[in-house]
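Please read the structure below before turning to the comments.
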Amino acid sequence: MSLKITPVLQGASVHTRLPRRLSSPDYTAKLAVDPKTHEDAYRLRYESYLTSGYIEPNESGRFVDDYDGMANSRTVVIYRGDVPLASVRVSFLVSGSDLRSPGADTFPEAVNRILKDASFSPSGPGRGLELTRLVRSPEAQNNQGLVFLLYRIAGYLGMMSHAQVGFACVRKNHVSFYKRLGYQPETELRPYPGLNCPMQLMSSNRQRYDEIRASFPLIDPFTSATDGLEDLLSGGNVALWLRGAA
């Protein structure tokens, strides 16, 4: 079974348009629909993982894998001006389909079970969104705000695809952080595709996500701290602020 993600995203409900802010944004986000943005993402990944010791050096200076070419994957890059600083890839999953992701391939039993459980709802087959390849440039490794902004944009893509479940494969030292974002551990650590560090699967659901974004507006796409979401899917720039309007 295959899934065309774009029509699903475009067919979702439209959110209320918020007034534009007058100040310049702290950052901008862009969906990789062109070669340059993809290249920025691949080089960010390489620099981040190489600096952290999770991959070996290669001559291309890029980190790209088979999942990047799959129809159910989307990659976002966050910029300050023209400088790429952070990136995340999301992989869409549907219960009973042949759609793949690093988490679904590494933890197939758990992912299939969770998606199947999510199918018992009026919205039809269980839909999931996995966060993958979440990275910051080495120069921005201490900038925690970038992680929340990546999660903000990924959350928007998840809502637009009607995802009921969120997945993330997480290193042991990041488990407590993901718990703050509403995720819970689902498996033990296992070897993970492309990286030389083990990961464990964590999951969230729409109810927990809505609770977290209500109490922590920094990750909520639908506030005055985000502008231009309607242009994201066509490759336009989305303006991002770390603080909402006063």
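Letters for chains follow the order of the structure tokens (A, B, ...), residue numbers begin at 1 for each chain, and ligand numbers begin at 1 in the order shown.
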Point to revise | Polymer residues at most 8 Å from range 33-50 of chain A, only C-alpha atoms, same-chain spacing of 2 or more positions, as a ChimeraX atom specification | key: /A:30-31,52-57,61-64,75-77,84-87,133,135-138,234-235
Backbone-only DSSP, strand (DSSP E or B) members of range 169-228 of chain A, as a PDB file with N, CA, C and O atoms, in the first residue's frame:
```
ATOM      1  N   CYS A 169      12.753   7.908  17.889  1.00  0.00           N
ATOM      2  CA  CYS A 169      13.802   7.001  18.354  1.00  0.00           C
ATOM      3  C   CYS A 169      14.855   7.854  19.041  1.00  0.00           C
ATOM      4  O   CYS A 169      15.413   8.775  18.439  1.00  0.00           O
ATOM      5  N   VAL A 170      15.134   7.541  20.297  1.00  0.00           N
ATOM      6  CA  VAL A 170      15.819   8.480  21.180  1.00  0.00           C
ATOM      7  C   VAL A 170      17.034   7.821  21.833  1.00  0.00           C
ATOM      8  O   VAL A 170      16.973   6.663  22.258  1.00  0.00           O
ATOM      9  N   GLN A 184       6.517   8.654  25.826  1.00  0.00           N
ATOM     10  CA  GLN A 184       6.790   7.620  26.813  1.00  0.00           C
ATOM     11  C   GLN A 184       7.582   6.489  26.158  1.00  0.00           C
ATOM     12  O   GLN A 184       7.385   6.192  24.971  1.00  0.00           O
ATOM     13  N   PRO A 185       8.484   5.839  26.896  1.00  0.00           N
ATOM     14  CA  PRO A 185       9.281   4.743  26.315  1.00  0.00           C
ATOM     15  C   PRO A 185       8.405   3.557  25.944  1.00  0.00           C
ATOM     16  O   PRO A 185       7.464   3.211  26.659  1.00  0.00           O
ATOM     17  N   ARG A 190      18.078  -0.419  20.984  1.00  0.00           N
ATOM     18  CA  ARG A 190      18.476  -1.318  19.901  1.00  0.00           C
ATOM     19  C   ARG A 190      19.405  -0.566  18.950  1.00  0.00           C
ATOM     20  O   ARG A 190      19.371   0.662  18.892  1.00  0.00           O
ATOM     21  N   PRO A 191      20.211  -1.299  18.156  1.00  0.00           N
ATOM     22  CA  PRO A 191      20.978  -0.646  17.086  1.00  0.00           C
ATOM     23  C   PRO A 191      20.028   0.065  16.126  1.00  0.00           C
ATOM     24  O   PRO A 191      18.907  -0.391  15.881  1.00  0.00           O
ATOM     25  N   TYR A 192      20.500   1.183  15.555  1.00  0.00           N
ATOM     26  CA  TYR A 192      19.624   2.071  14.784  1.00  0.00           C
ATOM     27  C   TYR A 192      20.256   2.374  13.436  1.00  0.00           C
ATOM     28  O   TYR A 192      21.481   2.579  13.356  1.00  0.00           O
ATOM     29  N   LEU A 195      23.439   5.192  12.368  1.00  0.00           N
ATOM     30  CA  LEU A 195      24.173   5.778  13.490  1.00  0.00           C
ATOM     31  C   LEU A 195      24.816   4.674  14.318  1.00  0.00           C
ATOM     32  O   LEU A 195      24.272   3.575  14.421  1.00  0.00           O
ATOM     33  N   ASN A 196      25.953   4.998  14.951  1.00  0.00           N
ATOM     34  CA  ASN A 196      26.634   3.995  15.752  1.00  0.00           C
ATOM     35  C   ASN A 196      26.298   4.104  17.229  1.00  0.00           C
ATOM     36  O   ASN A 196      27.111   3.780  18.096  1.00  0.00           O
ATOM     37  N   CYS A 197      25.072   4.575  17.517  1.00  0.00           N
ATOM     38  CA  CYS A 197      24.603   4.628  18.901  1.00  0.00           C
ATOM     39  C   CYS A 197      23.225   3.968  18.961  1.00  0.00           C
ATOM     40  O   CYS A 197      22.419   4.108  18.038  1.00  0.00           O
ATOM     41  N   PRO A 198      22.931   3.217  20.029  1.00  0.00           N
ATOM     42  CA  PRO A 198      21.624   2.565  20.133  1.00  0.00           C
ATOM     43  C   PRO A 198      20.526   3.574  20.450  1.00  0.00           C
ATOM     44  O   PRO A 198      20.782   4.636  21.016  1.00  0.00           O
ATOM     45  N   MET A 199      19.293   3.229  20.061  1.00  0.00           N
ATOM     46  CA  MET A 199      18.132   4.075  20.288  1.00  0.00           C
ATOM     47  C   MET A 199      17.005   3.243  20.895  1.00  0.00           C
ATOM     48  O   MET A 199      16.962   2.021  20.731  1.00  0.00           O
ATOM     49  N   GLN A 200      16.082   3.922  21.572  1.00  0.00           N
ATOM     50  CA  GLN A 200      14.864   3.262  21.995  1.00  0.00           C
ATOM     51  C   GLN A 200      13.672   4.024  21.456  1.00  0.00           C
ATOM     52  O   GLN A 200      13.730   5.245  21.250  1.00  0.00           O
ATOM     53  N   LEU A 201      12.597   3.304  21.185  1.00  0.00           N
ATOM     54  CA  LEU A 201      11.389   3.908  20.633  1.00  0.00           C
ATOM     55  C   LEU A 201      10.572   4.555  21.741  1.00  0.00           C
ATOM     56  O   LEU A 201      10.352   3.971  22.804  1.00  0.00           O
ATOM     57  N   MET A 202      10.107   5.779  21.470  1.00  0.00           N
ATOM     58  CA  MET A 202       9.180   6.467  22.365  1.00  0.00           C
ATOM     59  C   MET A 202       7.972   6.894  21.541  1.00  0.00           C
ATOM     60  O   MET A 202       8.065   7.072  20.328  1.00  0.00           O
ATOM     61  N   SER A 203       6.831   7.046  22.204  1.00  0.00           N
ATOM     62  CA  SER A 203       5.633   7.456  21.483  1.00  0.00           C
ATOM     63  C   SER A 203       4.827   8.443  22.307  1.00  0.00           C
ATOM     64  O   SER A 203       4.917   8.497  23.537  1.00  0.00           O
ATOM     65  N   SER A 204       4.036   9.223  21.603  1.00  0.00           N
ATOM     66  CA  SER A 204       3.086  10.138  22.215  1.00  0.00           C
ATOM     67  C   SER A 204       1.758   9.929  21.503  1.00  0.00           C
ATOM     68  O   SER A 204       1.641   9.082  20.612  1.00  0.00           O
ATOM     69  N   ASN A 205       0.737  10.678  21.876  1.00  0.00           N
ATOM     70  CA  ASN A 205      -0.523  10.628  21.142  1.00  0.00           C
ATOM     71  C   ASN A 205      -1.082  12.036  21.048  1.00  0.00           C
ATOM     72  O   ASN A 205      -0.550  12.974  21.645  1.00  0.00           O
ATOM     73  N   THR A 226       4.417  32.301  15.131  1.00  0.00           N
ATOM     74  CA  THR A 226       4.643  31.649  13.836  1.00  0.00           C
ATOM     75  C   THR A 226       3.842  32.392  12.785  1.00  0.00           C
ATOM     76  O   THR A 226       2.681  32.729  13.004  1.00  0.00           O
ATOM     77  N   ASP A 227       4.448  32.633  11.637  1.00  0.00           N
ATOM     78  CA  ASP A 227       3.719  33.312  10.561  1.00  0.00           C
ATOM     79  C   ASP A 227       4.113  32.702   9.222  1.00  0.00           C
ATOM     80  O   ASP A 227       5.295  32.456   8.972  1.00  0.00           O
TER      81      ASP A 227
END
```
Review point. Distance CA of Arg213 in chain A-CA of Gly96 in chain A, one decimal place?
Key: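 Straight-line distance from CA of Arg213 in chain A to CA of Gly96 in chain A works out to 29.2 Å.
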Check your understanding: Distance CA of Leu233 in chain A-CA of Phe92 in chain A, one decimal place?
Key ->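 Value for the CA of Leu233 in chain A-CA of Phe92 in chain A distance: 14.7 Å.
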Practice item. Grab the CA of Val111 in chain A to CA of Ile219 in chain A distance for me, in Å with one decimal place. Key: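 The value is 24.4 Å.
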Practice item. Would you mind listing what lies within 7 Å of range 151-156 of chain A as a list of chain:residue names, with only C-alpha atoms counted and same-chain residues fewer than 2 positions away left out? Key: A:Val90, A:Val147, A:Phe148, A:Leu149, A:Gly158, A:Met159, A:Met160, A:Ile219, A:Asp220, A:Pro221
Check your understanding: Which parts of range 55-241 of chain A does DSSP call alpha helix (DSSP H) when run on the backbone here, written out as a PyMOL selection string?
Key -> chain A and resi 102-106+108-118+144-160+175-180+206-215
Practice item. Determine, counting only C-alpha atoms, which protein, DNA and RNA residues have an atom within 12 Å of an atom of Ser91 in chain A; residues of the same chain fewer than 2 positions away are not included. Present the result as a VMD selection string. Key: chain A and resid 3 5 67 to 76 88 to 89 93 to 94 99 to 105 127 to 133 154 157 to 158 161 163 165 to 168
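Residues lying within 8 Å of Trp241 in chain A, counting only C-alpha atoms and ignoring same-chain neighbours fewer than 2 positions away, are Pro25, Asp26, Tyr27, Ala225, Thr226, Ala239, Arg243 and Gly244 of chain A.
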Restricting it to C-alpha atoms, dump the selection as an mmCIF file, in the first residue's frame.
```
data_model
loop_
_atom_site.group_PDB
_atom_site.id
_atom_site.type_symbol
_atom_site.label_atom_id
_atom_site.label_comp_id
_atom_site.auth_asym_id
_atom_site.auth_seq_id
_atom_site.Cartn_x
_atom_site.Cartn_y
_atom_site.Cartn_z
ATOM 1 C CA PRO A 25 11.627 36.906 12.910
ATOM 2 C CA ASP A 26 14.277 35.168 14.982
ATOM 3 C CA TYR A 27 14.454 32.356 12.412
ATOM 4 C CA ALA A 225 5.042 33.343 17.241
ATOM 5 C CA THR A 226 4.643 31.649 13.836
ATOM 6 C CA ALA A 239 8.708 33.102 10.130
ATOM 7 C CA ARG A 243 8.468 34.448 22.091
ATOM 8 C CA GLY A 244 4.869 35.321 21.336
#
```
